[in-house]
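Have a look at protein32.txt below; it lists compact mmCIF, C-alpha atoms.
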# COMPACT_ATOMS: atom_id res chain seq x y z
CA MET A 7 -9.65 0.43 0.56
CA ILE A 8 -6.93 1.39 -1.85
CA ALA A 9 -7.40 5.05 -0.96
CA ASP A 10 -6.37 4.32 2.63
CA ARG A 11 -3.03 2.91 1.62
CA PRO A 12 0.08 4.94 2.31
CA GLU A 13 1.30 5.11 -1.30
CA GLY A 14 -1.71 3.97 -3.26
CA ILE A 15 -2.68 4.34 -6.87
CA ALA A 16 -5.93 6.18 -6.17
CA GLY A 17 -6.45 9.92 -5.91
CA TRP A 18 -7.12 12.93 -8.08
CA PRO A 19 -6.03 13.51 -10.78
CA PRO A 20 -6.04 9.79 -11.59
CA PRO A 21 -2.36 8.76 -11.54
CA ALA A 22 -2.70 7.03 -14.90
CA LEU A 23 -3.56 10.41 -16.47
CA ASP A 24 -0.88 12.30 -14.55
CA PRO A 25 2.46 11.13 -15.97
CA ALA A 26 5.56 11.94 -13.91
CA GLY A 27 8.24 10.82 -16.35
CA PRO A 28 9.10 10.53 -20.06
CA PHE A 29 8.08 6.87 -20.31
CA ALA A 30 4.59 7.43 -18.97
CA GLY A 31 4.08 10.50 -21.18
CA PRO A 32 3.72 8.67 -24.54
CA LEU A 33 1.20 6.28 -23.01
CA ASN A 34 -0.83 9.21 -21.76
CA VAL A 35 -0.78 10.74 -25.27
CA LEU A 36 -1.78 7.39 -26.78
CA ALA A 37 -4.61 7.02 -24.27
CA TRP A 38 -6.04 10.43 -25.18
CA VAL A 39 -5.64 9.79 -28.93
CA LEU A 40 -7.51 6.50 -28.57
CA PHE A 41 -10.17 8.14 -26.45
CA ALA A 42 -10.66 10.95 -28.99
CA MET A 43 -10.85 8.58 -31.94
CA GLY A 44 -13.24 6.31 -30.11
CA ALA A 45 -15.42 9.32 -29.35
CA VAL A 46 -15.45 10.41 -33.04
CA VAL A 47 -16.36 6.89 -34.23
CA LEU A 48 -19.09 6.66 -31.61
CA LEU A 49 -20.56 9.99 -32.75
CA VAL A 50 -20.51 8.90 -36.43
CA VAL A 51 -22.17 5.58 -35.60
CA VAL A 52 -24.85 7.22 -33.46
CA ALA A 53 -25.49 9.81 -36.20
CA ALA A 54 -25.80 7.03 -38.79
CA LEU A 55 -28.20 5.18 -36.50
CA GLY A 56 -30.28 8.35 -36.12
CA LEU A 57 -30.37 8.81 -39.88
CA ALA A 58 -31.33 5.17 -40.43
CA LEU A 59 -34.24 5.49 -38.00
CA PHE A 60 -35.54 8.99 -38.62
CA GLY A 61 -33.76 10.36 -41.73
CA PRO A 62 -35.30 11.10 -45.17
CA ARG A 63 -35.98 8.12 -47.42
CA ARG A 64 -33.06 8.85 -49.81
CA TRP A 65 -30.50 8.85 -46.95
CA ARG A 66 -31.93 5.68 -45.51
CA ALA A 67 -31.64 3.92 -48.87
CA ARG A 68 -28.01 5.02 -49.16
CA LEU A 69 -27.19 3.79 -45.65
CA GLY A 70 -28.64 0.37 -46.43
CA GLY A 71 -26.46 -0.14 -49.53
CA GLU A 72 -23.69 -2.67 -49.88
CA ARG A 73 -21.13 0.01 -50.68
CA LEU A 74 -21.31 1.53 -47.20
CA VAL A 75 -20.68 -1.84 -45.60
CA TRP A 76 -17.50 -2.32 -47.65
CA ILE A 77 -16.25 1.19 -46.92
CA GLY A 78 -17.45 1.82 -43.37
CA GLY A 79 -17.34 -1.76 -42.15
CA LEU A 80 -14.08 -2.96 -43.68
CA ALA A 81 -11.89 -0.41 -45.46
CA PHE A 82 -12.18 2.35 -42.85
CA PRO A 83 -11.41 0.18 -39.78
CA VAL A 84 -8.53 -1.61 -41.54
CA VAL A 85 -6.88 1.65 -42.58
CA VAL A 86 -7.49 3.52 -39.33
CA LEU A 87 -6.62 0.67 -36.96
CA SER A 88 -3.47 -0.22 -38.92
CA ALA A 89 -2.34 3.40 -38.83
CA LEU A 90 -3.10 3.52 -35.12
CA LEU A 91 -1.15 0.32 -34.48
CA ILE A 92 1.91 1.65 -36.32
CA TYR A 93 1.62 4.98 -34.49
CA GLY A 94 1.22 3.27 -31.11
CA LEU A 95 4.11 0.85 -31.62
CA GLY A 96 6.35 3.72 -32.74
CA LEU A 97 5.37 5.70 -29.66
CA THR A 98 6.10 2.88 -27.24
CA SER A 99 8.79 0.64 -28.84
CA HIS A 100 11.67 2.25 -26.91
CA LEU A 101 9.94 1.45 -23.59
CA THR A 102 10.88 -2.22 -23.83
CA GLN A 103 14.32 -2.08 -25.50
CA GLU A 104 17.25 -3.96 -23.96
CA PRO A 105 19.13 -1.93 -21.34
CA GLY A 106 21.99 0.21 -22.66
CA PRO A 107 25.45 0.20 -21.07
CA ASP A 108 24.75 3.22 -18.84
CA GLU A 109 21.29 2.26 -17.73
CA MET A 110 20.58 1.11 -14.20
CA ARG A 111 18.99 -2.36 -14.00
CA VAL A 112 16.63 -3.69 -11.35
CA ARG A 113 15.06 -7.14 -11.37
CA VAL A 114 11.54 -7.21 -9.97
CA THR A 115 10.07 -10.67 -9.46
CA GLY A 116 6.38 -11.08 -8.74
CA GLU A 117 5.62 -13.49 -5.91
CA MET A 118 2.27 -14.40 -4.37
CA TRP A 119 1.68 -11.59 -3.07
CA TRP A 120 4.69 -9.34 -2.87
CA TRP A 121 7.66 -8.20 -4.97
CA ARG A 122 11.22 -9.49 -4.77
CA VAL A 123 13.62 -6.72 -5.81
CA ALA A 124 17.28 -7.10 -6.80
CA TYR A 125 19.64 -4.41 -8.06
CA LEU A 126 21.88 -5.68 -10.87
CA ASP A 127 25.34 -4.71 -12.06
CA ASP A 128 26.19 -4.20 -15.74
CA ALA A 129 26.71 -7.94 -16.17
CA GLY A 130 23.28 -8.70 -14.73
CA ARG A 131 24.53 -10.07 -11.40
CA GLU A 132 22.56 -9.33 -8.24
CA VAL A 133 24.40 -6.91 -5.99
CA LEU A 134 21.65 -5.86 -3.57
CA GLN A 135 18.41 -7.50 -2.41
CA ASP A 136 15.29 -5.76 -1.20
CA ALA A 137 11.51 -6.17 -1.35
CA ASN A 138 8.35 -4.24 -2.14
CA GLU A 139 10.19 -1.00 -2.82
CA VAL A 140 12.25 0.18 -5.80
CA HIS A 141 14.62 3.10 -5.30
CA ILE A 142 15.71 5.08 -8.34
CA PRO A 143 17.62 8.30 -9.00
CA VAL A 144 15.62 11.23 -10.37
CA GLY A 145 15.96 12.01 -14.07
CA ARG A 146 17.65 8.78 -15.12
CA PRO A 147 16.04 5.94 -17.04
CA VAL A 148 15.95 2.67 -15.12
CA VAL A 149 15.22 -0.68 -16.73
CA LEU A 150 13.06 -3.02 -14.68
CA GLU A 151 13.57 -6.65 -15.64
CA LEU A 152 10.32 -8.42 -14.81
CA ASP A 153 9.91 -12.05 -13.90
CA SER A 154 7.54 -14.16 -11.84
CA ALA A 155 8.19 -16.92 -9.33
CA ASP A 156 4.76 -18.51 -9.52
CA VAL A 157 1.74 -17.22 -11.47
CA ILE A 158 1.31 -14.37 -13.92
CA HIS A 159 1.49 -10.97 -12.27
CA SER A 160 1.58 -7.55 -13.90
CA LEU A 161 3.50 -4.53 -12.70
CA TRP A 162 1.81 -1.16 -13.00
CA ILE A 163 3.24 2.10 -11.72
CA PRO A 164 0.64 4.44 -13.22
CA ARG A 165 2.62 7.69 -13.02
CA LEU A 166 5.80 6.14 -14.44
CA SER A 167 4.79 3.41 -16.91
CA GLY A 168 2.15 1.25 -18.48
CA LYS A 169 1.37 -2.27 -17.32
CA VAL A 170 3.80 -5.04 -18.22
CA ASP A 171 3.05 -8.69 -17.47
CA MET A 172 5.37 -10.78 -15.30
CA ILE A 173 5.37 -14.27 -16.77
CA PRO A 174 7.14 -17.25 -15.19
CA GLY A 175 10.23 -18.12 -17.22
CA ARG A 176 10.18 -14.92 -19.27
CA ARG A 177 12.12 -11.69 -18.89
CA ASN A 178 9.97 -8.72 -19.82
CA LEU A 179 11.36 -5.21 -19.75
CA MET A 180 9.88 -1.97 -18.51
CA ARG A 181 11.56 1.43 -18.47
CA VAL A 182 10.77 3.97 -15.79
CA GLN A 183 12.03 7.44 -15.04
CA ALA A 184 10.79 9.96 -12.50
CA ASP A 185 11.33 13.65 -13.16
CA ALA A 186 10.80 14.70 -9.54
CA ALA A 187 11.79 13.18 -6.20
CA GLY A 188 8.96 11.47 -4.35
CA ALA A 189 7.09 8.22 -3.84
CA TYR A 190 5.07 6.65 -6.64
CA GLY A 191 2.53 3.93 -5.94
CA GLY A 192 2.43 0.69 -7.90
CA GLN A 193 0.05 -2.24 -7.99
CA CYS A 194 -0.26 -5.76 -9.33
CA ALA A 195 -2.56 -5.43 -12.33
CA GLU A 196 -3.19 -9.10 -13.17
CA TYR A 197 -5.37 -11.17 -10.87
CA CYS A 198 -2.99 -13.57 -9.13
CA GLY A 199 -5.08 -15.14 -6.35
CA GLY A 200 -6.69 -14.14 -3.05
CA PRO A 201 -4.75 -11.11 -1.79
CA HIS A 202 -4.05 -9.78 -5.32
CA ALA A 203 -5.71 -6.44 -4.56
CA LEU A 204 -3.34 -6.02 -1.59
CA MET A 205 -0.16 -6.45 -3.65
CA GLY A 206 1.26 -2.96 -3.84
CA LEU A 207 4.68 -1.54 -4.53
CA VAL A 208 6.37 1.80 -3.89
CA VAL A 209 8.88 3.42 -6.21
CA VAL A 210 10.97 6.02 -4.37
CA ALA A 211 12.79 8.55 -6.55
CA HIS A 212 15.74 10.28 -4.88
CA GLU A 213 17.86 13.26 -5.88
CA PRO A 214 21.18 11.81 -7.17
CA ALA A 215 23.14 12.54 -3.96
CA ASP A 216 20.39 11.05 -1.78
CA PHE A 217 20.29 8.00 -4.02
CA THR A 218 24.01 7.43 -3.61
CA ALA A 219 23.64 7.74 0.17
CA TRP A 220 20.66 5.35 0.20
CA ARG A 221 22.59 2.81 -1.82
CA ALA A 222 25.61 3.06 0.48
CA ARG A 223 23.39 2.48 3.53
CA GLN A 224 21.78 -0.56 1.95
CA THR A 225 25.08 -2.30 1.31
CA VAL A 226 25.99 -2.18 5.03
CA PRO A 227 24.07 -4.64 7.25
CA ALA A 228 21.86 -2.81 9.76
CA ALA A 229 21.91 -5.76 12.15
CA THR A 230 24.97 -6.77 14.10
CA ALA A 231 26.05 -10.41 14.15
CA GLY A 232 26.27 -10.73 17.95
CA LEU A 233 22.47 -10.61 18.34
CA PRO A 234 22.44 -8.62 21.59
CA ALA A 235 18.89 -7.36 21.04
CA PRO A 236 16.11 -9.35 22.79
CA GLY A 237 14.03 -8.91 19.61
CA ALA A 238 16.64 -10.74 17.55
CA GLU A 239 16.48 -13.61 20.01
CA VAL A 240 12.67 -13.78 19.67
CA PHE A 241 13.05 -13.61 15.88
CA GLY A 242 15.31 -16.65 15.96
CA ARG A 243 13.22 -18.62 18.45
CA ALA A 244 9.99 -18.07 16.52
CA GLY A 245 11.63 -19.42 13.38
CA CYS A 246 11.32 -16.22 11.36
CA GLY A 247 14.74 -16.85 9.82
CA ALA A 248 13.40 -19.88 7.96
CA CYS A 249 11.70 -17.51 5.50
CA HIS A 250 13.43 -14.15 6.00
CA THR A 251 16.97 -12.95 5.48
CA VAL A 252 18.53 -10.33 7.74
CA ALA A 253 21.98 -9.37 6.45
CA GLY A 254 24.65 -9.51 9.15
CA THR A 255 22.93 -12.34 11.04
CA ALA A 256 22.52 -16.09 10.57
CA PHE A 257 18.94 -15.59 9.35
CA ASN A 258 19.03 -16.40 5.66
CA GLY A 259 15.59 -17.70 4.59
CA LEU A 260 14.60 -16.93 1.03
CA ALA A 261 10.87 -17.70 0.86
CA GLY A 262 9.74 -14.32 2.16
CA PRO A 263 10.84 -10.69 1.77
CA ASP A 264 14.40 -9.71 2.71
CA LEU A 265 14.26 -7.83 6.03
CA SER A 266 17.83 -6.51 6.16
CA HIS A 267 16.64 -2.88 6.13
CA VAL A 268 12.93 -3.36 6.74
CA GLY A 269 12.81 -0.48 9.24
CA SER A 270 13.61 2.01 6.49
CA ARG A 271 10.75 0.94 4.21
CA ARG A 272 7.76 3.18 3.78
CA THR A 273 5.21 0.39 3.95
CA LEU A 274 4.54 -3.08 5.31
CA GLY A 275 2.75 -6.05 3.80
CA ALA A 276 3.67 -5.02 0.20
CA GLY A 277 2.59 -1.41 -0.01
CA ILE A 278 -0.48 -1.67 2.18
CA LEU A 279 0.30 -0.48 5.73
CA PRO A 280 2.33 2.43 7.05
CA ASN A 281 5.54 1.12 8.60
CA ASN A 282 6.00 1.74 12.31
CA HIS A 283 6.45 -0.16 15.55
CA GLY A 284 2.70 -0.68 15.98
CA THR A 285 1.85 -1.86 12.47
CA MET A 286 4.88 -4.16 12.56
CA ALA A 287 3.59 -5.75 15.77
CA GLY A 288 0.10 -6.10 14.33
CA TRP A 289 1.41 -7.62 11.12
CA ILE A 290 3.59 -10.19 12.91
CA SER A 291 0.87 -11.06 15.41
CA ASP A 292 -1.88 -11.69 12.87
CA SER A 293 -1.12 -10.72 9.28
CA GLN A 294 -3.97 -12.99 8.22
CA ALA A 295 -6.47 -10.49 9.63
CA ILE A 296 -4.86 -7.73 7.52
CA LYS A 297 -4.09 -9.60 4.29
CA PRO A 298 -6.12 -12.83 4.38
CA GLY A 299 -4.49 -15.70 2.52
CA ASN A 300 -0.95 -14.31 2.49
CA ARG A 301 1.77 -16.88 3.12
CA MET A 302 2.92 -15.64 6.51
CA PRO A 303 1.14 -17.41 9.39
CA ALA A 304 -0.24 -15.67 12.46
CA TYR A 305 1.98 -15.91 15.56
CA PRO A 306 -0.34 -16.41 18.55
CA VAL A 307 2.59 -17.92 20.49
CA LEU A 308 4.28 -14.60 21.23
CA THR A 309 3.67 -12.66 24.45
CA GLY A 310 3.05 -8.93 24.36
CA GLN A 311 6.59 -8.23 25.50
CA GLU A 312 8.07 -10.56 22.84
CA LEU A 313 5.94 -9.00 20.14
CA ARG A 314 7.12 -5.51 21.09
CA ASP A 315 10.74 -6.68 21.27
CA VAL A 316 10.77 -8.33 17.87
CA SER A 317 8.97 -5.46 16.16
CA ALA A 318 11.27 -2.91 17.85
CA TRP A 319 14.29 -4.83 16.59
CA LEU A 320 12.95 -5.02 13.03
CA GLU A 321 12.11 -1.30 13.06
CA SER A 322 15.69 -0.62 14.13
CA LEU A 323 17.00 -2.19 10.90
CA LYS A 324 17.16 1.07 8.98
CA MET B 10 -42.67 7.10 51.44
CA ARG B 11 -40.35 9.71 52.74
CA TRP B 12 -37.34 7.69 51.46
CA ALA B 13 -38.66 7.73 47.90
CA PRO B 14 -37.16 11.08 46.79
CA LEU B 15 -33.81 10.07 48.25
CA ALA B 16 -33.90 6.69 46.46
CA ALA B 17 -34.82 8.42 43.20
CA ALA B 18 -31.96 10.88 43.64
CA LEU B 19 -29.51 8.06 44.36
CA LEU B 20 -30.62 6.04 41.33
CA ALA B 21 -30.41 9.08 39.07
CA GLY B 22 -26.96 9.71 40.47
CA CYS B 23 -25.90 6.19 39.50
CA GLY B 24 -26.73 6.81 35.87
CA GLU B 25 -24.68 9.99 35.82
CA THR B 26 -21.59 8.75 37.60
CA ALA B 27 -21.44 5.67 35.32
CA ARG B 28 -20.83 7.97 32.35
CA PRO B 29 -18.47 10.75 33.41
CA PRO B 30 -18.07 13.51 30.84
CA ARG B 31 -15.24 12.63 28.46
CA THR B 32 -14.55 15.85 26.69
CA ILE B 33 -11.07 16.97 25.72
CA ALA B 34 -10.52 20.70 25.33
CA GLY B 35 -9.19 21.70 21.91
CA ALA B 36 -9.20 18.16 20.51
CA ASP B 37 -10.85 17.35 17.20
CA PRO B 38 -12.29 13.86 16.54
CA ALA B 39 -12.04 14.30 12.74
CA ARG B 40 -8.35 15.11 13.01
CA GLY B 41 -8.01 12.11 15.33
CA LEU B 42 -9.48 9.79 12.70
CA ALA B 43 -7.00 11.13 10.13
CA VAL B 44 -4.11 10.37 12.52
CA ILE B 45 -5.53 6.88 13.17
CA GLU B 46 -5.46 6.20 9.41
CA ARG B 47 -2.00 7.69 8.94
CA VAL B 48 -0.45 5.68 11.77
CA GLY B 49 -2.31 2.47 10.91
CA CYS B 50 -3.98 1.70 14.27
CA ALA B 51 -6.35 -0.59 12.35
CA ALA B 52 -3.50 -3.06 11.79
CA CYS B 53 -4.40 -4.31 15.29
CA HIS B 54 -7.85 -2.86 16.04
CA ALA B 55 -11.19 -3.03 14.26
CA ILE B 56 -12.22 0.62 14.44
CA PRO B 57 -15.64 1.98 13.42
CA GLY B 58 -15.03 4.53 10.65
CA VAL B 59 -12.00 2.72 9.24
CA ASP B 60 -13.01 0.35 6.39
CA TRP B 61 -9.75 -1.59 6.16
CA PRO B 62 -7.96 -3.34 7.72
CA GLU B 63 -9.64 -4.86 10.76
CA GLY B 64 -6.72 -6.21 12.76
CA ARG B 65 -7.32 -8.72 15.54
CA ALA B 66 -4.15 -8.41 17.64
CA GLY B 67 -5.80 -5.74 19.80
CA PRO B 68 -9.40 -5.40 20.98
CA ALA B 69 -12.12 -4.11 18.64
CA LEU B 70 -12.87 -0.52 19.59
CA LYS B 71 -16.62 -0.46 18.92
CA GLY B 72 -18.23 1.02 22.02
CA PHE B 73 -14.86 2.04 23.48
CA GLY B 74 -16.19 5.47 24.48
CA ALA B 75 -18.56 3.80 26.95
CA SER B 76 -16.03 1.28 28.24
CA PRO B 77 -14.95 1.82 31.86
CA LEU B 78 -11.41 0.51 31.36
CA ILE B 79 -8.46 0.85 29.02
CA ALA B 80 -6.83 -2.50 28.20
CA GLY B 81 -8.88 -4.05 31.02
CA ARG B 82 -6.79 -2.44 33.74
CA LEU B 83 -6.69 1.38 33.65
CA PRO B 84 -9.50 3.86 34.30
CA ASN B 85 -10.83 5.20 31.00
CA ARG B 86 -10.21 8.90 31.58
CA PRO B 87 -8.99 11.43 28.99
CA ASP B 88 -5.62 12.04 30.66
CA VAL B 89 -4.95 8.31 31.13
CA LEU B 90 -6.06 7.50 27.59
CA THR B 91 -3.82 10.19 26.11
CA ALA B 92 -0.82 8.87 28.04
CA TRP B 93 -1.73 5.31 27.06
CA LEU B 94 -1.89 6.11 23.33
CA ILE B 95 1.59 7.63 23.37
CA ASP B 96 3.39 5.02 25.49
CA PRO B 97 1.33 1.99 26.61
CA PRO B 98 4.24 -0.04 28.08
CA SER B 99 4.94 2.73 30.59
CA LEU B 100 1.49 2.04 32.10
CA ALA B 101 1.30 -1.72 31.50
CA PRO B 102 4.73 -3.31 30.99
CA ASP B 103 3.43 -6.59 29.57
CA THR B 104 1.14 -5.09 26.91
CA ALA B 105 1.72 -5.92 23.25
CA MET B 106 0.81 -2.36 22.24
CA PRO B 107 4.01 -0.46 21.48
CA PRO B 108 4.61 3.29 21.76
CA SER B 109 3.12 5.21 18.84
CA PRO B 110 4.83 7.82 16.66
CA ILE B 111 2.38 10.58 17.62
CA SER B 112 2.54 13.90 19.45
CA GLU B 113 0.53 14.66 22.57
CA ALA B 114 -1.86 16.85 20.54
CA GLU B 115 -2.39 13.99 18.10
CA ALA B 116 -3.00 11.57 20.98
CA ARG B 117 -5.65 13.94 22.34
CA ASP B 118 -7.30 14.08 18.90
CA ILE B 119 -7.33 10.28 18.72
CA ALA B 120 -8.79 10.08 22.26
CA ALA B 121 -11.51 12.53 21.20
CA TYR B 122 -12.35 10.28 18.25
CA LEU B 123 -12.40 7.16 20.43
CA TYR B 124 -14.82 8.89 22.81
CA THR B 125 -17.29 9.28 19.93
CA LEU B 126 -17.47 5.47 19.74
CA ASP B 127 -20.06 4.96 22.43
CA ASP B 128 -22.79 3.17 20.47
CA ARG B 129 -23.07 -0.44 21.52
Conversion result in structure tokens:
Amino acid sequence: MIADRPEGIAGWPPPALDPAGPFAGPLNVLAWVLFAMGAVVLLVVVAALGLALFGPRRWRARLGGERLVWIGGLAFPVVVLSALLIYGLGLTSHLTQEPGPDEMRVRVTGEMWWWRVAYLDDAGREVLQDANEVHIPVGRPVVLELDSADVIHSLWIPRLSGKVDMIPGRRNLMRVQADAAGAYGGQCAEYCGGPHALMGLVVVAHEPADFTAWRARQTVPAATAGLPAPGAEVFGRAGCGACHTVAGTAFNGLAGPDLSHVGSRRTLGAGILPNNHGTMAGWISDSQAIKPGNRMPAYPVLTGQELRDVSAWLESLK
Amino acid sequence: MRWAPLAAALLAGCGETARPPRTIAGADPARGLAVIERVGCAACHAIPGVDWPEGRAGPALKGFGASPLIAGRLPNRPDVLTAWLIDPPSLAPDTAMPPSPISEAEARDIAAYLYTLDDR
């Protein structure tokens, strides 16, 4: 149930109609304009249908004429829809412009069924890796550079943006800005295989000072290289490092989400579970029961003590 | 014949002692369910009343209110259950169930909810 998720896209008012930033606002306006125009056209059509069925003979003859077909069936839609297209493109063209020199850039890559996140410098080089969460400063536009590692995904953060497809080999752009600090739910909006509905994302908007502090914390490894923790030993023995990177250790797998600061994330399993010691243990033990078909296997080889150790260690990576 | 009333009394007594009252003063099952959803207990347990997920790492909790034991080893009493929910390894060192980020009041609410699950 989407409503049960920690930072979902359900709720009232519907997030898509409750914009929280200047790049979601125009889309909300466009949606209401389209809805209003659709309603007017529907009323006119229904009225014409009523007249055609029950109206006086003279009106019925007029409705059946060729002239009405040319005007109502061709000229009117061409003019109105063209005007609407120009209006809509004007309203939204700046949403997908190339990033300016002062704009923060984040690459978000869709994977089956999670999000790889990398913060870029001005030259487009990756300076920080993360997963399933995008942190942004309040009140500043941020350009998300969208890509896919496998199939077509689509990123949708209803309160901050419209949907933009993530297409393998292409770089699509999406601009987001949040006007207030908080967490904003996101969701994959293009069917991408089994667990598609459980592919969520969280955008966390910080006050500028908090954002600077968050960024500073992220650049320092939370794990220490000596591996004194029993959980780190279990992590290594179970082979977790083949798919997961933990900065500051020898674990450098790239197939799965980066876990360098996994303990500080709000959710587990790509936006679907709250993140705590217990959910971490449950996810590691049998993520297939939670998100069937996801690419992490169940680990029935771990004892209760090992499971608690490894999840405690991961939760300590703040 | 004169043993019959005694036998009846004993048998009736059996039925009662098998189901001791499991009420928790001041606890609210509805609040407990909300805490269960917030903390994500269902990541490991299939819990009646929670649609998703239905984790399998821990036992399914259908009928837990009528179960005599917690984790197959501790008496299923309100005080034990509350302590268990907060810090299971302190009662069973080899359990996979880790301590939960909940207060004692929240643990009592969860216990109250679990004691409503007595339909088999």
If we count all atoms listed in the file, what is near Ile45 (chain B) at a cut-off of 9 Å, once residues fewer than 6 positions away on the same chain are taken out, given as a PyMOL selection string?
chain B and resi 51+59+119
Write the residues of the preceding selection, restricted to C-alpha atoms, as a compact mmCIF listing (two decimals), keeping the file's coordinate frame.
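Everything below was put into again_17.txt:
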# COMPACT_ATOMS: atom_id res chain seq x y z
CA ALA B 51 -6.35 -0.59 12.35
CA VAL B 59 -12.00 2.72 9.24
CA ILE B 119 -7.33 10.28 18.72
Counting only C-alpha atoms, the residue of A:Val148, A:Gln103, A:Glu13, A:Val268 that sits nearest chain B:
A:Glu13
Taking all atoms listed in the file into account, produce a table as a Markdown table in which each residue of chain B with an atom at most 8 Å from an atom of chain A appears once, together with its shortest atom pair and the distance in Å to one decimal, ordered by chain and rising number.
| residue | atom | partner | partner_atom | distance |
| --- | --- | --- | --- | --- |
| B:Glu46 | CA | A:Asp10 | CA | 7.1 |
| B:Arg47 | CA | A:Pro280 | CA | 7.1 |
| B:Val48 | CA | A:Pro280 | CA | 6.4 |
| B:Gly49 | CA | A:Pro280 | CA | 6.0 |
| B:Cys50 | CA | A:Thr285 | CA | 7.1 |
| B:Ala52 | CA | A:Gly288 | CA | 5.4 |
| B:Cys53 | CA | A:Gly288 | CA | 4.9 |
| B:Asp60 | CA | A:Met7 | CA | 6.7 |
| B:Trp61 | CA | A:Met7 | CA | 6.0 |
| B:Pro62 | CA | A:Ile296 | CA | 5.4 |
| B:Glu63 | CA | A:Ile296 | CA | 6.4 |
| B:Gly64 | CA | A:Ala295 | CA | 5.3 |
| B:Arg65 | CA | A:Ala295 | CA | 6.2 |
| B:Ala66 | CA | A:Gly288 | CA | 5.9 |
| B:Pro102 | CA | A:Gln311 | CA | 7.6 |
| B:Asp103 | CA | A:Gln311 | CA | 5.4 |
| B:Thr104 | CA | A:Gly310 | CA | 5.0 |
| B:Ala105 | CA | A:Gly310 | CA | 3.5 |
| B:Met106 | CA | A:Gly284 | CA | 6.8 |
| B:Pro107 | CA | A:Gly284 | CA | 5.7 |
| B:Pro108 | CA | A:Gly284 | CA | 7.3 |
| B:Ser109 | CA | A:Gly284 | CA | 6.6 |
| B:Pro110 | CA | A:Asn282 | CA | 7.6 |
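Atom pair CA of Leu134 (chain A) / CA of Glu151 (chain A): separated by 14.5 Å.
Summary of the local environment: counting only C-alpha atoms, residues at most 6 Å from region 166-183 of chain A, other than itself and those fewer than 5 positions away along its chain, are A:Ala26, A:Gly27, A:Phe29, A:Ala30, A:Leu101, A:Thr102, A:Arg146, A:Pro147, A:Val148, A:Val149, A:Leu150, A:Glu151, A:Leu152, A:Asp153, A:Ser154, A:Ala155, A:Ile158, A:His159, A:Ser160, A:Leu161.
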